[in-house]
Each structure stands twice: as C-alpha cells, then as structure tokens.
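Colleague: Following this line is upload-v2.cif, made up of mmCIF, C-alpha atoms:
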data_final
loop_
_atom_site.label_atom_id
_atom_site.label_comp_id
_atom_site.auth_asym_id
_atom_site.auth_seq_id
_atom_site.Cartn_x
_atom_site.Cartn_y
_atom_site.Cartn_z
CA MET A 93 50.98 119.64 137.15
CA LYS A 94 54.24 121.26 138.22
CA ARG A 95 55.18 118.08 140.07
CA ILE A 96 54.51 115.93 137.05
CA MET A 97 56.69 118.21 134.93
CA LEU A 98 59.51 117.97 137.44
CA LEU A 99 59.13 114.21 137.55
CA ILE A 100 59.32 114.01 133.76
CA ILE A 101 62.43 116.20 133.72
CA ALA A 102 64.03 114.10 136.44
CA ILE A 103 63.25 110.86 134.61
CA SER A 104 64.56 112.27 131.33
CA ALA A 105 67.76 113.44 132.97
CA LEU A 106 68.25 110.06 134.59
CA ALA A 107 67.57 108.29 131.32
CA GLY A 108 70.12 110.57 129.67
CA VAL A 109 72.73 109.67 132.27
CA VAL A 110 72.03 105.99 131.79
CA VAL A 111 72.36 106.30 128.01
CA LEU A 112 75.57 108.29 128.35
CA THR A 113 76.98 105.75 130.80
CA VAL A 114 76.19 102.85 128.51
CA ARG A 115 77.79 104.66 125.54
CA ALA A 116 80.84 105.64 127.51
CA SER A 117 81.41 102.12 128.75
CA ARG A 118 81.01 100.80 125.23
CA HIS A 119 83.47 103.18 123.60
CA PRO A 120 87.00 103.28 124.85
CA ASN A 121 88.89 100.02 125.18
CA GLN A 122 86.27 97.95 123.48
CA ASP A 123 86.94 94.35 124.31
CA THR A 124 85.69 92.88 121.09
CA PRO A 125 87.59 94.06 118.04
CA THR A 126 85.63 94.81 114.88
CA TYR A 127 87.06 93.66 111.55
CA VAL A 128 86.50 94.93 108.04
CA THR A 129 83.94 92.77 106.26
CA GLU A 130 84.53 93.72 102.62
CA MET A 131 87.14 95.39 100.41
CA PRO A 132 86.36 99.11 100.02
CA ALA A 133 84.90 100.03 96.62
CA GLY A 134 87.29 101.26 93.95
CA TYR A 135 90.52 100.27 95.73
CA ARG A 136 92.16 99.21 92.46
CA GLU A 137 92.01 102.84 91.28
CA TRP A 138 94.00 104.15 94.23
CA THR A 139 97.49 105.64 94.21
CA LEU A 140 100.62 103.61 94.74
CA ILE A 141 102.35 103.94 98.11
CA SER A 142 105.08 101.35 97.61
CA VAL A 143 105.93 97.82 96.56
CA ALA A 144 107.36 94.90 98.54
CA HIS A 145 108.40 91.29 98.32
CA GLU A 146 108.12 88.68 101.05
CA GLU A 147 110.28 85.61 100.73
CA GLY A 148 109.77 82.20 102.27
CA ASN A 149 106.32 80.72 102.76
CA LEU A 150 104.57 83.86 101.55
CA ASN A 151 106.71 84.22 98.39
CA SER A 152 104.64 87.21 97.45
CA PHE A 153 104.65 90.55 95.73
CA ALA A 154 102.74 93.41 97.31
CA SER A 155 101.48 96.55 95.70
CA VAL A 156 100.42 98.88 98.49
CA LEU A 157 97.81 101.48 97.53
CA GLY A 158 96.14 104.29 99.42
CA ASN A 159 92.96 106.27 99.03
CA ASP A 160 93.27 110.07 98.64
CA ILE A 161 93.18 110.71 102.39
CA ALA A 162 95.91 108.14 103.09
CA VAL A 163 98.16 109.30 100.23
CA LYS A 164 97.83 112.95 101.27
CA ALA A 165 98.81 112.03 104.85
CA TYR A 166 101.78 110.00 103.58
CA ARG A 167 103.02 112.79 101.33
CA GLU A 168 102.66 115.42 104.03
CA GLY A 169 104.07 113.15 106.73
CA THR A 170 100.91 113.48 108.83
CA LEU A 171 100.73 111.08 111.78
CA PRO A 172 98.46 109.69 113.06
CA PHE A 173 96.56 109.05 109.83
CA PRO A 174 93.23 110.91 109.78
CA ASP A 175 89.89 109.13 110.00
CA GLY A 176 88.84 107.89 106.58
CA ALA A 177 92.36 106.94 105.49
CA ILE A 178 92.51 103.50 103.88
CA ILE A 179 95.58 101.48 102.94
CA ALA A 180 95.28 98.35 100.82
CA ALA A 181 97.95 95.72 100.17
CA LEU A 182 97.30 93.73 97.00
CA HIS A 183 99.24 90.46 97.10
CA TYR A 184 100.31 88.32 94.17
CA LYS A 185 102.51 85.30 93.72
CA PHE A 186 106.17 86.15 93.10
CA VAL A 187 106.95 84.37 89.82
CA PRO A 188 109.83 84.41 87.33
CA SER A 189 108.98 85.89 83.95
CA VAL A 190 110.07 83.52 81.20
CA GLU A 191 109.33 86.04 78.46
CA ASN A 192 111.25 88.86 80.17
CA ASN A 193 114.22 86.58 80.87
CA LYS A 194 114.29 85.55 77.24
CA ALA A 195 114.41 89.20 76.15
CA PHE A 196 117.10 90.05 78.71
CA GLY A 197 119.08 86.94 77.82
CA ARG A 198 119.43 85.97 81.48
CA ASP A 199 117.30 84.90 84.45
CA GLN A 200 116.66 88.06 86.41
CA SER A 201 113.05 89.05 86.09
CA PHE A 202 110.27 88.40 88.60
CA VAL A 203 106.73 89.61 88.14
CA ALA A 204 103.32 89.56 89.81
CA GLY A 205 101.64 86.21 89.21
CA ALA A 206 98.15 85.16 90.26
CA PRO A 207 96.53 87.24 93.04
CA THR A 208 96.66 85.60 96.46
CA ASN A 209 94.90 87.97 98.84
CA ASN A 210 94.08 91.59 99.60
CA GLN A 211 94.60 93.21 102.96
CA VAL A 212 93.19 96.50 104.12
CA MET A 213 93.47 98.93 107.05
CA ILE A 214 90.68 101.47 107.53
CA LYS A 215 91.15 104.35 109.94
CA ASP A 216 88.14 105.06 112.13
CA SER A 217 89.34 105.90 115.60
CA LYS A 218 85.93 105.34 117.19
CA LYS A 219 84.69 102.25 115.40
CA TYR A 220 88.03 100.46 115.64
CA ALA A 221 89.15 101.83 119.03
CA ALA A 222 89.94 98.31 120.25
CA THR A 223 92.61 97.88 117.54
CA GLY A 224 94.42 101.20 117.63
CA GLY A 225 91.85 103.04 115.53
CA TRP A 226 92.44 100.81 112.50
CA GLY A 227 90.01 98.26 111.16
CA PHE A 228 91.87 95.30 109.68
CA GLY A 229 90.62 93.20 106.80
CA HIS A 230 92.00 90.17 104.92
CA PHE A 231 90.31 88.69 101.87
CA ASN A 232 91.53 85.69 99.96
CA ASN A 233 91.49 85.68 96.17
CA ASP A 234 87.94 84.30 96.24
CA GLY A 235 86.94 87.60 97.92
CA LYS A 236 86.01 85.87 101.15
CA LYS A 237 86.96 87.35 104.50
CA VAL A 238 89.07 85.12 106.69
CA ASP A 239 87.91 84.00 110.14
CA ASP A 240 88.29 86.09 113.29
CA ALA A 241 90.90 83.74 114.79
CA PHE A 242 93.23 84.73 111.95
CA MET A 243 92.24 88.39 112.17
CA LYS A 244 93.23 88.52 115.84
CA THR A 245 96.88 88.24 114.79
CA CYS A 246 96.88 91.56 112.85
CA PHE A 247 96.80 94.11 115.64
CA PRO A 248 99.41 92.59 118.02
CA CYS A 249 101.93 92.57 115.17
CA HIS A 250 101.09 96.06 113.90
CA GLN A 251 101.37 97.37 117.45
CA LYS A 252 105.11 96.94 117.14
CA ILE A 253 105.23 100.06 114.97
CA LYS A 254 102.99 102.21 117.12
CA GLU A 255 105.25 105.24 116.52
CA ARG A 256 104.20 105.18 112.86
CA ASP A 257 100.52 104.71 113.68
CA LEU A 258 100.71 100.92 113.17
CA VAL A 259 101.54 101.23 109.46
CA PHE A 260 104.53 99.25 108.18
CA THR A 261 104.76 100.51 104.60
CA ARG A 262 106.73 103.69 103.95
CA TYR A 263 105.97 105.90 100.96
CA ALA A 264 108.22 105.30 97.93
CA PRO A 265 109.09 108.55 96.09
CA MET B 248 84.03 121.11 27.58
CA LYS B 249 84.40 117.34 27.76
CA LYS B 250 88.10 117.64 26.96
CA PHE B 251 88.51 120.29 29.63
CA THR B 252 86.80 118.06 32.25
CA LEU B 253 89.04 115.17 31.32
CA LEU B 254 92.03 117.45 31.64
CA LEU B 255 90.88 118.50 35.10
CA VAL B 256 90.33 114.89 36.16
CA GLY B 257 93.73 114.01 34.77
CA ALA B 258 95.41 116.88 36.57
CA ALA B 259 93.61 116.04 39.81
CA THR B 260 94.60 112.39 39.55
CA LEU B 261 98.18 113.33 38.88
CA ALA B 262 98.17 115.74 41.82
CA GLY B 263 96.73 112.97 44.00
CA GLU B 264 99.47 110.62 42.96
CA VAL B 265 102.08 113.21 43.67
CA VAL B 266 100.62 113.77 47.14
CA LEU B 267 100.48 110.03 47.76
CA ALA B 268 104.01 109.57 46.52
CA THR B 269 105.22 112.40 48.71
CA SER B 270 103.52 111.09 51.82
CA THR B 271 104.80 107.58 51.12
CA SER B 272 108.34 108.83 50.76
CA ARG B 273 107.88 110.90 53.91
CA HIS B 274 106.72 107.87 55.81
CA VAL B 275 109.69 105.87 54.62
CA THR B 276 111.98 108.75 55.51
CA ALA B 277 110.48 108.91 59.02
CA GLN B 278 111.20 105.25 59.56
CA GLU B 279 114.74 105.64 58.34
CA THR B 280 115.61 108.72 60.33
CA ASP B 281 117.00 108.60 63.82
CA PRO B 282 114.46 107.75 66.50
CA ILE B 283 113.05 110.57 68.59
CA PHE B 284 113.45 110.17 72.33
CA VAL B 285 111.22 111.81 74.88
CA LYS B 286 113.04 114.31 77.08
CA ARG B 287 110.21 115.33 79.38
CA ILE B 288 108.79 113.54 82.40
CA PRO B 289 105.00 113.36 81.98
CA PRO B 290 103.40 115.54 84.65
CA GLY B 291 101.34 113.79 87.32
CA TYR B 292 102.72 110.32 86.60
CA ARG B 293 103.05 109.51 90.32
CA ASP B 294 99.25 109.65 90.63
CA TRP B 295 98.64 107.18 87.82
CA LYS B 296 97.10 103.80 88.44
CA VAL B 297 99.14 100.67 88.92
CA VAL B 298 99.62 98.24 86.05
CA SER B 299 101.83 95.81 87.96
CA VAL B 300 104.97 95.35 90.04
CA ALA B 301 108.25 93.55 89.30
CA HIS B 302 111.72 92.77 90.57
CA GLU B 303 114.88 92.61 88.51
CA ALA B 304 117.66 90.63 90.16
CA GLY B 305 121.36 90.77 89.26
CA GLU B 306 123.01 94.02 88.28
CA LEU B 307 119.79 96.03 88.28
CA ASN B 308 118.73 94.69 91.70
CA ASP B 309 115.62 96.83 91.78
CA ILE B 310 111.97 96.62 92.71
CA ARG B 311 109.64 98.46 90.39
CA ALA B 312 106.12 99.62 89.86
CA VAL B 313 104.60 100.05 86.43
CA LEU B 314 101.93 102.74 86.19
CA GLY B 315 99.70 103.83 83.34
CA ASN B 316 97.84 107.00 82.44
CA ASP B 317 94.07 106.65 82.04
CA LEU B 318 94.31 105.76 78.32
CA ALA B 319 96.85 103.04 79.00
CA ILE B 320 94.94 101.58 81.96
CA LYS B 321 91.69 101.52 79.96
CA ALA B 322 93.41 99.69 77.10
CA TYR B 323 95.01 97.22 79.49
CA ARG B 324 91.71 96.45 81.22
CA GLU B 325 89.84 96.05 77.95
CA GLY B 326 92.65 94.01 76.44
CA LYS B 327 92.96 96.47 73.54
CA LEU B 328 95.99 96.13 71.30
CA PRO B 329 97.66 98.12 69.88
CA PHE B 330 97.54 100.77 72.61
CA PRO B 331 95.74 103.97 71.51
CA GLU B 332 97.44 107.27 70.75
CA GLY B 333 98.24 109.13 73.95
CA ALA B 334 98.68 106.02 76.08
CA ILE B 335 101.68 106.26 78.40
CA VAL B 336 103.18 103.43 80.39
CA GLY B 337 105.64 104.45 83.09
CA ARG B 338 107.85 102.53 85.40
CA ILE B 339 109.54 103.62 88.63
CA ALA B 340 112.52 101.68 89.97
CA TRP B 341 113.87 101.69 93.51
CA SER B 342 116.74 99.72 94.93
CA PHE B 343 115.69 96.30 96.24
CA VAL B 344 116.53 96.39 99.93
CA PRO B 345 115.80 94.16 102.94
CA SER B 346 113.52 95.76 105.52
CA GLU B 347 115.10 95.41 108.94
CA GLU B 348 112.03 96.69 110.74
CA ASN B 349 109.69 94.31 108.92
CA ASN B 350 112.04 91.36 109.50
CA LYS B 351 112.25 92.19 113.18
CA THR B 352 108.46 92.10 113.40
CA PHE B 353 108.14 88.90 111.40
CA GLY B 354 110.90 87.32 113.43
CA ARG B 355 112.73 86.19 110.29
CA ASP B 356 114.52 87.59 107.25
CA GLN B 357 111.92 87.64 104.52
CA SER B 358 110.94 91.18 103.69
CA PHE B 359 112.24 93.31 100.83
CA VAL B 360 111.00 96.81 100.12
CA ALA B 361 111.58 99.80 97.85
CA GLY B 362 114.72 101.70 98.83
CA SER B 363 116.05 104.84 97.20
CA PRO B 364 115.49 105.70 93.52
CA THR B 365 117.94 103.97 91.15
CA ASN B 366 120.11 105.47 88.41
CA ALA B 367 117.40 104.48 85.94
CA TYR B 368 114.67 105.80 88.24
CA LEU B 369 111.97 106.63 85.69
CA GLN B 370 111.16 105.23 82.26
CA PHE B 371 108.22 105.94 80.00
CA MET B 372 106.76 104.75 76.72
CA VAL B 373 104.55 107.32 75.01
CA LYS B 374 102.29 106.17 72.19
CA ASP B 375 102.25 108.43 69.13
CA SER B 376 102.32 106.30 66.01
CA LYS B 377 103.25 109.19 63.70
CA LYS B 378 105.81 111.00 65.80
CA TYR B 379 107.56 107.82 66.92
CA ALA B 380 107.04 105.78 63.74
CA ALA B 381 110.73 104.89 63.69
CA THR B 382 110.40 103.01 67.00
CA GLY B 383 107.15 101.11 66.60
CA GLY B 384 104.91 104.04 67.49
CA TRP B 385 106.32 104.39 70.98
CA GLY B 386 108.56 107.19 72.20
CA TYR B 387 110.99 105.98 74.83
CA SER B 388 112.41 107.98 77.71
CA SER B 389 114.57 107.31 80.75
CA PHE B 390 115.59 109.58 83.64
CA ASP B 391 117.93 109.24 86.59
CA LYS B 392 116.99 110.09 90.17
CA ASP B 393 117.65 113.79 89.52
CA GLY B 394 115.38 113.81 86.49
CA LYS B 395 118.26 113.96 83.99
CA PRO B 396 117.51 112.16 80.71
CA THR B 397 119.64 109.13 79.86
CA ASP B 398 122.08 109.70 76.97
CA GLU B 399 120.91 108.83 73.46
CA ALA B 400 123.45 106.07 72.91
CA ALA B 401 121.84 104.09 75.74
CA MET B 402 118.33 105.02 74.56
CA LYS B 403 118.98 103.32 71.22
CA LYS B 404 118.83 99.99 73.03
CA CYS B 405 115.18 100.37 74.03
CA PHE B 406 113.44 99.62 70.78
CA PRO B 407 115.51 96.59 69.64
CA CYS B 408 114.78 94.88 72.95
CA HIS B 409 111.07 95.78 73.02
CA GLN B 410 110.74 94.38 69.51
CA ALA B 411 110.92 90.95 71.11
CA ILE B 412 107.29 91.42 72.14
CA LYS B 413 105.90 93.05 69.02
CA ASP B 414 102.78 90.87 69.34
CA ARG B 415 101.85 92.77 72.52
CA ASP B 416 102.59 96.16 70.99
CA PHE B 417 106.12 96.21 72.44
CA VAL B 418 104.92 96.35 76.05
CA PHE B 419 106.44 93.80 78.43
CA THR B 420 104.36 94.39 81.54
CA ARG B 421 101.07 92.55 81.88
CA TYR B 422 98.23 93.96 83.96
CA ALA B 423 97.97 92.59 87.52
CA PRO B 424 94.31 92.24 88.60
#
Would you encode the structure as structure tokens?

Modeller:
Amino acid sequence: MKRIMLLIIAISALAGVVVLTVRASRHPNQDTPTYVTEMPAGYREWTLISVAHEEGNLNSFASVLGNDIAVKAYREGTLPFPDGAIIAALHYKFVPSVENNKAFGRDQSFVAGAPTNNQVMIKDSKKYAATGGWGFGHFNNDGKKVDDAFMKTCFPCHQKIKERDLVFTRYAP
Amino acid sequence: MKKFTLLLVGAATLAGEVVLATSTSRHVTAQETDPIFVKRIPPGYRDWKVVSVAHEAGELNDIRAVLGNDLAIKAYREGKLPFPEGAIVGRIAWSFVPSEENNKTFGRDQSFVAGSPTNAYLQFMVKDSKKYAATGGWGYSSFDKDGKPTDEAAMKKCFPCHQAIKDRDFVFTRYAP
C-alpha cells in the first residue's frame, strides 16, 4: 500500500512537471501572435486621448479614445500601461465641410466624414506576449476583422516606439 | 351674489391679462437686452464623450475635438432637435502640428497631431432657453489656454455666425458614428 502511494505521488509530481514544462514553453516568446477578434464593447463611450490627421493615401481623421484604465495611465504618466488598458483609434474620412466654409466665408474647415475603420490595442501581457503585451485589432467599417497577413504589420511598426510601450498617441490636455 | 361672482371673474381675468402682458414684455425685454455670456468652464468636461473631430486651416490652424455632456450626446444620438435644457457642447482646440515621430515611423510626411492648446483653447455652448433667450437659447463661452474668458466684444460674434445653422439649433458639429 505504501509503495502504491509513493508511486502515485511520483506519477503526480512527474505529471505536474510535464504540465509546467508545457505551459512554460508556451508562454514567453510565443511564436504565433494572437490578434483581437472584435471591437471591445462600449468603446464609443470612452474618453478622448487625442485627435490626428493622416494625409496622403489614408486621408483620414482619427479620434483616439481610451478606456478608464488607459486614460488613468495616460494622465498619471504610467508606463508600461497596466493589463486591461485599451486604446481605440476611430478613423473617418477627412472631408471639407461645405456648410462650415459657407458660414466662415472661406475654405478652411475639415470634418470627420464617413467612418473608415477602427483600430484597437488591448493590453494583456500574458495573452499577447508575442506582440509586446498588446493585442492588435483592425476592423473595417463593415465591422469585419482584417486578415492576419495585414495584422502582422502592426507590431513591427509599433516596436519603433518601445520606450513609450508601443503607443504612438500622446495625451492631449 | 351673481354680481359679486362676475366681479371676481372679471378681476381674475384682468389680473391674468396683466400677468400675461408683464411676462410678454419681460420676454421681449430679455431678447432685446445684451446677451449673457458664460464665464465658467463646466467641470468635468474633459471626461465627456466625443461628438466629432475637425481641423480648421488658415489663421486658426488648429485640430479640435468636440465633446458633449450626457444630455447633449443623448440628443445627438437620438437626433433630437432642439437640444434639451442642460445640454452642453464643448470644443477643445490644439495647434495643428506635424508629428515627426509618426512620420519617421511611416517613412513619409503624412501625420498631423494635436499640439499645445491654442489661444481659443476651450469653447462651450450651454442650453438654457430662458437664461440665454437673447442668443437662441444657447449661452456661449470661450477661454484661452490659461482659462481666461475671451472679452465680450469678441463673444458678440458667436451668435450671428451660429444663426447660419438655425435649422440645426445653431450647432455646427455633426455626430461622428
């Protein structure tokens, strides 16, 4: 009986080691990046971080929003962003406003036109370890996620601002 | 008794007319008096939800975000016009500046971001149809980057310009989805 007990303990311990080994090898430096599959609920209610305009092919307006965790970190200057922080960039066409220009009496006003896409970064240092702790997402205006080939371009570019935890947008006062 | 009742009715009617006449003349007076400008920045505005974003080229050369308090956002989303009492629409303006760090990453000059607050940093429209009857039911305010209200001479320009869009209750900015 004592022998059987010892055997069971030995097997359990071994099994535990195997499980731990498998987990450990899975975790750090994951080879396959994981992408965000849907826009987080309620993002349109979030707080403004800043605004931006991209010229050229994009010709877009961006309104960058953050959930409470992200905005708190921004305002307190906390880096890296804590787990649970989410930053969303809402993109629209950059269009002249005929009605504003008429009121101003000159061509000067550009506004957000039709939505083009939404992008999101979700901080989860374990789940998204392969991409700097951030899960990237890109959804066109039909709400559909873009393919992984496109998504692979996010992280290499964001890595260029590693000193600010891969986040380009600065908080506007 | 009948005569007395008639007298009472007559007196009451007369009193009513006097009250009506007084309130009418008050209303007219309110519209004729100088507009009232708001001198206080609404607390918590920086946490409000986004209505939309815009860029003014030329002399202003700013990039701006338009925010709304809960009453304003609700009205926008439901397409309710005129805006209800208590609705506040705010706009924050920053200088429109190229982002060197973004351009470096993109490998081309394309990125413009919000720089420092402008001289007309904050502006608000507060809906109170009685208090601000002289300016279409909206109280206008404007503050520089230090929170100092813009002088009244400049503030007098708000309403005449916003009148151009009376059909949308004097509010230029449309809601961005």

Colleague: Using the chain letters and residue numbers of this document, give as a list in words the residues selected by the PyMOL selection byres ((chain A) within 7 of (chain B)).

Modeller: Glu137, Trp138, Thr139, Leu140, Ser142, Val143, Ala144, His145, Glu146, Glu147, Gly148, Ser155, Ala195, Gln200, Ser201, Phe202, Val203, Ala204, Cys249, Lys252 and Ala264 of chain A

Colleague: Grab the CA of Thr126 (chain A) to CA of Phe228 (chain A) distance for me, in Å with one decimal place.

Modeller: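 Value for the CA of Thr126 (chain A)-CA of Phe228 (chain A) distance: 8.1 Å.
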
Colleague: Counting only C-alpha atoms, figure out which residue out of A:Tyr135, A:Ile178, A:Val187, A:Phe153 gets nearest to Val259 (chain A).

Modeller: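 Closest to Val259 (chain A) of all the choices is A:Ile178.
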
Colleague: Extract, using all atoms listed in the file, all DNA, RNA and protein residues at most 12 Å from Ile335 (chain B), discarding same-chain residues fewer than 5 positions from it, and format them as a PyMOL selection string.

Modeller: chain B and resi 285+288-292+295-296+298+313-323+330+370-375+384-388+418

Colleague: In the coordinate frame of the file, compute which residues have an atom within 7 Å of (112.2, 115.3, 83.7) when using all atoms listed in the file, and state them as a list in words.

Modeller: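 Those within range, by chain then number, are Lys286, Arg287, Ile288, Phe390, Gly394, Lys395 and Pro396 of chain B.
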
Colleague: Starting from the shown file, work through the PyMOL selection byres ((chain A and resi 225) around 10) and note down what comes out as a list in words.

Modeller: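 Written out, the selection comes to Pro172, Phe173, Pro174, Asp175, Met213, Ile214, Lys215, Asp216, Ser217, Lys218, Lys219, Tyr220, Ala221, Ala222, Thr223, Gly224, Trp226, Gly227, Phe228, Asp257 and Leu258 of chain A.
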
Colleague: Report as a list in words the full result of the PyMOL selection byres ((chain A and resi 229-233) around 8) when it is applied to this structure.

Modeller: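 So the PyMOL selection byres ((chain A and resi 229-233) around 8), applied here, picks out Tyr127, Val128, Thr129, Glu130, Met131, Pro207, Thr208, Asn209, Asn210, Gln211, Val212, Met213, Gly227, Phe228, Asp234, Gly235, Lys236, Lys237, Val238 and Met243 of chain A.
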
Colleague: Write to file, as a PDB file, keeping the file's coordinate frame, the residues of the selection just made, with C-alpha atoms.

Modeller:
ATOM      1  CA  TYR A 127      87.060  93.660 111.550  1.00  0.00           C
ATOM      2  CA  VAL A 128      86.500  94.930 108.040  1.00  0.00           C
ATOM      3  CA  THR A 129      83.940  92.770 106.260  1.00  0.00           C
ATOM      4  CA  GLU A 130      84.530  93.720 102.620  1.00  0.00           C
ATOM      5  CA  MET A 131      87.140  95.390 100.410  1.00  0.00           C
ATOM      6  CA  PRO A 207      96.530  87.240  93.040  1.00  0.00           C
ATOM      7  CA  THR A 208      96.660  85.600  96.460  1.00  0.00           C
ATOM      8  CA  ASN A 209      94.900  87.970  98.840  1.00  0.00           C
ATOM      9  CA  ASN A 210      94.080  91.590  99.600  1.00  0.00           C
ATOM     10  CA  GLN A 211      94.600  93.210 102.960  1.00  0.00           C
ATOM     11  CA  VAL A 212      93.190  96.500 104.120  1.00  0.00           C
ATOM     12  CA  MET A 213      93.470  98.930 107.050  1.00  0.00           C
ATOM     13  CA  GLY A 227      90.010  98.260 111.160  1.00  0.00           C
ATOM     14  CA  PHE A 228      91.870  95.300 109.680  1.00  0.00           C
ATOM     15  CA  ASP A 234      87.940  84.300  96.240  1.00  0.00           C
ATOM     16  CA  GLY A 235      86.940  87.600  97.920  1.00  0.00           C
ATOM     17  CA  LYS A 236      86.010  85.870 101.150  1.00  0.00           C
ATOM     18  CA  LYS A 237      86.960  87.350 104.500  1.00  0.00           C
ATOM     19  CA  VAL A 238      89.070  85.120 106.690  1.00  0.00           C
ATOM     20  CA  MET A 243      92.240  88.390 112.170  1.00  0.00           C
TER      21      MET A 243
END

Colleague: Would you compute the box with edges along x, y and z of the file around region 306-320 of chain B, including every atom the file lists for it and 5 Å extra on each side, and give its centre and edge lengths in Å to one decimal, as lines of an AutoDock Vina configuration file?

Modeller:
center_x = 108.5
center_y = 100.5
center_z = 85.5
size_x = 38.9
size_y = 23.0
size_z = 24.4

Colleague: What is the distance, in Å and to one decimal place, between CA of Lys327 (chain B) and CA of Asp414 (chain B)?

Modeller: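 Between these atoms lies a distance of 12.1 Å.
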
Colleague: Distance CA of Arg338 (chain B)-CA of Leu171 (chain A), one decimal place?

Modeller: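 So the answer is 28.6 Å.
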
Colleague: Which residue is closest to Ala165 (chain A)? Choose from A:His183, A:Asn192, A:Gly205, A:Ile141 and count all atoms listed in the file.

Modeller: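 Counting all atoms listed in the file, the residue closest to Ala165 (chain A) is A:Ile141.
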
Colleague: Using all atoms listed in the file, can you tell me which of B:Lys378, B:Pro282, B:Ser389, B:Thr397 comes closest to Gly333 (chain B)?

Modeller: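 Among the listed residues, the smallest separation from Gly333 (chain B) belongs to B:Lys378.
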
Colleague: Using only C-alpha atoms for the distances, tell me which of B:Ala380, B:Glu332, B:Ala367, B:Lys413 is nearest to Phe284 (chain B).

Modeller: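 Using only C-alpha atoms, Phe284 (chain B) sits closest to B:Ala380.
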
Colleague: Missing atoms in region 176-187 of chain A: can you complete it with N, CA and C atoms, as a PDB file, keeping the file's coordinate frame?

Modeller:
ATOM      1  N   GLY A 176      89.202 107.986 107.990  1.00  0.00           N
ATOM      2  CA  GLY A 176      88.840 107.890 106.580  1.00  0.00           C
ATOM      3  C   GLY A 176      89.992 107.417 105.707  1.00  0.00           C
ATOM      4  N   ALA A 177      91.202 107.433 106.257  1.00  0.00           N
ATOM      5  CA  ALA A 177      92.360 106.940 105.490  1.00  0.00           C
ATOM      6  C   ALA A 177      92.236 105.431 105.319  1.00  0.00           C
ATOM      7  N   ILE A 178      92.530 104.946 104.128  1.00  0.00           N
ATOM      8  CA  ILE A 178      92.510 103.500 103.880  1.00  0.00           C
ATOM      9  C   ILE A 178      93.770 103.100 103.124  1.00  0.00           C
ATOM     10  N   ILE A 179      94.385 102.036 103.585  1.00  0.00           N
ATOM     11  CA  ILE A 179      95.580 101.480 102.940  1.00  0.00           C
ATOM     12  C   ILE A 179      95.271 100.045 102.551  1.00  0.00           C
ATOM     13  N   ALA A 180      95.561  99.708 101.301  1.00  0.00           N
ATOM     14  CA  ALA A 180      95.280  98.350 100.820  1.00  0.00           C
ATOM     15  C   ALA A 180      96.557  97.715 100.308  1.00  0.00           C
ATOM     16  N   ALA A 181      96.801  96.473 100.699  1.00  0.00           N
ATOM     17  CA  ALA A 181      97.950  95.720 100.170  1.00  0.00           C
ATOM     18  C   ALA A 181      97.399  94.629  99.265  1.00  0.00           C
ATOM     19  N   LEU A 182      97.742  94.726  97.979  1.00  0.00           N
ATOM     20  CA  LEU A 182      97.300  93.730  97.000  1.00  0.00           C
ATOM     21  C   LEU A 182      98.441  92.732  96.826  1.00  0.00           C
ATOM     22  N   HIS A 183      98.179  91.478  97.147  1.00  0.00           N
ATOM     23  CA  HIS A 183      99.240  90.460  97.100  1.00  0.00           C
ATOM     24  C   HIS A 183      99.093  89.530  95.911  1.00  0.00           C
ATOM     25  N   TYR A 184     100.243  89.232  95.324  1.00  0.00           N
ATOM     26  CA  TYR A 184     100.310  88.320  94.170  1.00  0.00           C
ATOM     27  C   TYR A 184     101.423  87.324  94.423  1.00  0.00           C
ATOM     28  N   LYS A 185     101.391  86.240  93.677  1.00  0.00           N
ATOM     29  CA  LYS A 185     102.510  85.300  93.720  1.00  0.00           C
ATOM     30  C   LYS A 185     103.722  85.956  93.084  1.00  0.00           C
ATOM     31  N   PHE A 186     104.885  85.627  93.597  1.00  0.00           N
ATOM     32  CA  PHE A 186     106.170  86.150  93.100  1.00  0.00           C
ATOM     33  C   PHE A 186     106.694  85.105  92.111  1.00  0.00           C
ATOM     34  N   VAL A 187     106.591  85.392  90.823  1.00  0.00           N
ATOM     35  CA  VAL A 187     106.950  84.370  89.820  1.00  0.00           C
ATOM     36  C   VAL A 187     108.001  84.891  88.831  1.00  0.00           C
TER      37      VAL A 187
END
